[in-house]
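The structure appears right after this line, and notes come after that.
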Amino acid sequence: MSGCYIHIPFCAQKCSYCDFHFSTNHSYQNEMVEALCTELKIRSESWKDEEFQTIYFGGGTPSVLTSGQLQKLIGQVKSGYRVSNQVEITLECNPDDCSTENLTTWKKLGVNRLSIGIQSFNDEQLKWMNRSHSAADGLNAVRNAKQTGFDELSLDLMYGLPNMTAEEWKSQLLQVIALNPEHISAYCLTVEQRTALSKWVKEGKLTVSSNEQQSEQFELLVSTLKEAGYEQYEISNFARNEHYSKHNTAYWQGVKYLGIGPSAHGYNGKERYWNQANNKAYMTALKQGNLPETIEILSSFDRFNETLMIGLRTKWGVSKLQLFEDISPDKEWFKIVKDYEDQQLLIETPESIVLTEAGRLLADGIAAELFIIN
Ligand code: SF4
């Protein structure tokens with residue numbers, strides 16, 4: 001079992017808070033698709049024993065691809081790799097790309113899950129975020145997607161926005177619930193270096209929310225979605241009736257994944273690699289038949305800490321079998337686990353360690369306490 005991630009490094013415009021890898025110059029999209037196909041061809045030999053259960057187009061903004069470009073990429077994966085008949089193919093998309101025409105084409109090409117970047121239903125917020133769409137575009141995108149027959153929709157929202165009150169966040173949540181998607185992802189705004197947001201904050205032009213406001217909004221998120229029947233299966237991800245993202249769930253459970261595209265990373269069970277986060281350098285390397293990657297061989301400690309950090313964020317917790325594969329923690333470590341259990345922040349079973357709802361509010365801190373440093 002494994003997954004395939006393809007990074008599409010283009011966006012219509014630069015959102016003010018974003019530090020992902022992308023370009024707003026679309027003039028060489030065809031050349032990039034050629035390079036992505038070359039990388040898929042080069043890596044296929046070492047993945048010949050794997051069968052992909054999921055293909056995930058992330059970015060950037062994959063919905064800026066033309067139908068021909070998307071068809072070419074899906075065709076390249078299907079012709080060079082073993083792909084499950086039940087494969088989940090997710091496309092991240094911006095609301096303003098979700099025309100009925102595009103949606104119909106994506107569906108024909110085999111895309112069966114959409115992750116729509118709504119982010120906010122408030123036009124003022126969308127404006128300073130420099131999103132390329134309006135609140136009405138978000139609503140239209142969901143309506144069009146449903147009418148086209150997409151029944152696996154994930155909607156992204158952001159909280160902790162400047163001047164956002166608990167009441168406003170609650171109203172945003174009620175709006176997303178009213179759209180009745182199968183899946184909701186909600187992320188807290190973070191101020192990343194080298195973004196317009198970071199500059200505005202430094203210049204005092206924008207004030208971001210306090211830690212207390214963020215925690216309050218996170219708790220509101222969890223309780224409101226729970227009441228509406230959404231299960232929090234990962235800190236930032238909520239699903240109705242077990243409509244989990246298969247791709248991300250596999251990633252959180254330590255399954256191997258192939259990463260294609262500039263800035264993409266992959267994991268084959270032992271080694272992790274990162275592709276160069278530079279479009280021109282990425283394309284040049286592939287034209288010469290080289291993989292623009294850096295390989296990192298994970299130490300047992302790295303694997304332990306990563307498994308712990310990622311696993312604790314999920315409702316399944318971390319599997320002890322997987323966690324203790326190479327490292328057996330000492331008594332002191334189990335004492336910390338017991339202390340957290342006494343505080344009702346986690347539950348230890350013979351098979352796993354799982355955070356309680358209260359523990360999930362402190363997930364990163366608890367994971368850090370349990371890290372083992374060589
Ligand atoms: S659309 Fe997504 S990837 Fe592109 S700039 Fe905005 S947040 Fe970043």
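To be explicit about the labels: the chains of the structure tokens are called A, B, and onward in the order shown, and within each one the residues are counted from 1, while ligands get numbers from 1 in the order they are shown.
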Which of segment 62-232 of chain A DSSP labels helix (DSSP H, G or I), written as a PyMOL selection string: chain A and resi 62-64+67-80+95-97+100-108+123-128+135-148+166-178+196-202+211-227
Picked from segment 169-320 of chain A by DSSP as strand (DSSP E), as an MDAnalysis selection string: chainID A and resid 183:188 231:234 237:239 256:260 265:267 271:275 293:297 318:319
Would you put the residues from that selection into a file with N, CA, C and O atoms, as a compact mmCIF listing (two decimals), in the first residue's frame?
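Output (result_37.txt):
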# COMPACT_ATOMS: atom_id res chain seq x y z
N HIS A 183 -16.05 16.24 4.45
CA HIS A 183 -14.78 16.42 5.14
C HIS A 183 -14.47 17.91 5.29
O HIS A 183 -14.75 18.70 4.40
N ILE A 184 -13.92 18.27 6.45
CA ILE A 184 -13.53 19.68 6.68
C ILE A 184 -12.12 19.70 7.26
O ILE A 184 -11.80 18.90 8.15
N SER A 185 -11.27 20.56 6.72
CA SER A 185 -9.94 20.78 7.32
C SER A 185 -9.91 22.22 7.79
O SER A 185 -10.36 23.13 7.07
N ALA A 186 -9.40 22.45 8.99
CA ALA A 186 -9.33 23.82 9.51
C ALA A 186 -7.96 24.06 10.11
O ALA A 186 -7.50 23.29 10.96
N TYR A 187 -7.31 25.11 9.66
CA TYR A 187 -5.95 25.41 10.09
C TYR A 187 -5.89 26.79 10.72
O TYR A 187 -6.57 27.71 10.26
N CYS A 188 -5.05 26.90 11.72
CA CYS A 188 -4.85 28.20 12.37
C CYS A 188 -3.84 29.00 11.55
O CYS A 188 -2.82 28.46 11.12
N GLU A 231 -16.34 13.85 12.96
CA GLU A 231 -15.37 13.23 13.85
C GLU A 231 -14.00 13.86 13.63
O GLU A 231 -13.53 13.97 12.49
N GLN A 232 -13.35 14.26 14.70
CA GLN A 232 -12.00 14.81 14.58
C GLN A 232 -11.04 13.62 14.52
O GLN A 232 -10.72 13.02 15.53
N TYR A 233 -10.60 13.27 13.32
CA TYR A 233 -9.74 12.08 13.22
C TYR A 233 -8.27 12.45 13.15
O TYR A 233 -7.40 11.59 13.23
N GLU A 234 -8.01 13.74 13.00
CA GLU A 234 -6.66 14.29 13.12
C GLU A 234 -6.85 15.70 13.64
O GLU A 234 -7.94 16.27 13.48
N ASN A 237 -8.34 17.85 11.04
CA ASN A 237 -9.18 17.21 10.02
C ASN A 237 -10.38 16.50 10.62
O ASN A 237 -10.25 15.76 11.60
N PHE A 238 -11.53 16.71 9.97
CA PHE A 238 -12.81 16.25 10.50
C PHE A 238 -13.59 15.57 9.37
O PHE A 238 -13.60 16.08 8.25
N ALA A 239 -14.21 14.43 9.69
CA ALA A 239 -14.94 13.72 8.64
C ALA A 239 -16.28 13.22 9.17
O ALA A 239 -16.42 12.91 10.35
N LYS A 256 4.44 4.27 2.86
CA LYS A 256 5.37 4.85 1.88
C LYS A 256 4.63 5.76 0.91
O LYS A 256 3.49 5.46 0.54
N TYR A 257 5.28 6.81 0.48
CA TYR A 257 4.65 7.66 -0.54
C TYR A 257 5.70 8.21 -1.48
O TYR A 257 6.80 8.55 -1.08
N LEU A 258 5.28 8.26 -2.72
CA LEU A 258 6.13 8.82 -3.76
C LEU A 258 5.81 10.30 -3.87
O LEU A 258 4.64 10.68 -3.90
N GLY A 259 6.82 11.14 -3.90
CA GLY A 259 6.60 12.58 -4.04
C GLY A 259 7.21 13.05 -5.35
O GLY A 259 8.36 12.75 -5.65
N ILE A 260 6.41 13.75 -6.14
CA ILE A 260 6.84 14.20 -7.47
C ILE A 260 6.66 15.71 -7.55
O ILE A 260 5.64 16.24 -7.13
N HIS A 265 8.33 15.92 -1.25
CA HIS A 265 9.18 14.93 -0.60
C HIS A 265 8.52 13.57 -0.63
O HIS A 265 7.31 13.46 -0.79
N GLY A 266 9.35 12.53 -0.53
CA GLY A 266 8.84 11.17 -0.60
C GLY A 266 9.50 10.33 0.48
O GLY A 266 10.50 10.74 1.09
N TYR A 267 8.93 9.15 0.70
CA TYR A 267 9.43 8.28 1.77
C TYR A 267 9.25 6.82 1.33
O TYR A 267 8.14 6.43 0.96
N GLU A 271 14.31 5.72 3.67
CA GLU A 271 14.91 7.00 3.26
C GLU A 271 13.82 7.99 2.94
O GLU A 271 12.76 7.63 2.44
N ARG A 272 14.16 9.26 3.18
CA ARG A 272 13.24 10.31 2.77
C ARG A 272 14.00 11.18 1.77
O ARG A 272 15.22 11.33 1.89
N TYR A 273 13.33 11.70 0.80
CA TYR A 273 14.01 12.62 -0.11
C TYR A 273 13.20 13.89 -0.27
O TYR A 273 11.98 13.89 -0.08
N TRP A 274 13.92 14.96 -0.61
CA TRP A 274 13.27 16.24 -0.91
C TRP A 274 13.70 16.67 -2.29
O TRP A 274 14.91 16.66 -2.58
N ASN A 275 12.79 17.07 -3.09
CA ASN A 275 13.15 17.67 -4.39
C ASN A 275 13.43 19.15 -4.20
O ASN A 275 12.82 19.79 -3.32
N GLU A 293 17.17 15.85 -6.12
CA GLU A 293 16.73 15.47 -4.77
C GLU A 293 17.87 15.49 -3.76
O GLU A 293 19.04 15.38 -4.11
N THR A 294 17.50 15.62 -2.50
CA THR A 294 18.43 15.42 -1.39
C THR A 294 17.87 14.24 -0.61
O THR A 294 16.67 14.21 -0.31
N ILE A 295 18.75 13.26 -0.32
CA ILE A 295 18.27 12.07 0.39
C ILE A 295 18.70 12.12 1.85
O ILE A 295 19.83 12.49 2.16
N GLU A 296 17.78 11.77 2.71
CA GLU A 296 18.11 11.70 4.14
C GLU A 296 17.79 10.30 4.62
O GLU A 296 16.66 9.81 4.42
N ILE A 297 18.79 9.64 5.21
CA ILE A 297 18.50 8.32 5.79
C ILE A 297 18.11 8.57 7.24
O ILE A 297 18.87 9.15 8.02
N VAL A 318 -0.69 6.30 18.22
CA VAL A 318 0.52 5.75 17.64
C VAL A 318 0.60 4.27 17.99
O VAL A 318 0.35 3.87 19.12
N SER A 319 0.89 3.45 16.96
CA SER A 319 0.98 2.01 17.18
C SER A 319 2.30 1.69 17.89
O SER A 319 3.37 2.10 17.45
Environment of ligand 1 within 7 Å, counting only C-alpha atoms and all ligand atoms, reported as a list of chain:residue names: A:Cys11, A:Gln13, A:Lys14, A:Cys15, A:Cys18, A:Asp19, A:Phe20, A:Phe22, A:Gly59, A:Gly60, A:Thr61, A:Asn94, A:Arg131
Contacts of segment 146-160 of chain A within 9 Å, only C-alpha atoms, excl. fewer than 3 positions in-chain, as a ChimeraX atom specification: /A:100,103-104,107,111-121,141-143,163-165,169,172-173,176,181-190,208-211,213-215,217-218,221,239,243,245
Counting only C-alpha atoms, the residue of A:Ser198, A:Glu219, A:Tyr251, A:Leu70 that sits nearest Lys108 of chain A: A:Leu70
Selected residue, from A:Glu101, A:Ser46, A:Pro262, A:Ile373, that lies nearest to His21 of chain A when counting only C-alpha atoms: A:Pro262
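Distances from A:Gly68, A:Gly359, A:Gly289, A:Gly269 to Ser2 of chain A were compared using only C-alpha atoms, and the smallest one belongs to A:Gly269.
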Within 8 Å of Leu36 of chain A using only C-alpha atoms, minus same-chain residues under 3 positions, as a list in words: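 Here the qualifying residues turn out to be Met32, Val33, Glu39, Leu40, Leu73, Ile260 and Gly261 of chain A.
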Separation of atom CA of Glu50 of chain A from atom CA of Gly110 of chain A, in Å and rounded to one decimal: 20.2 Å
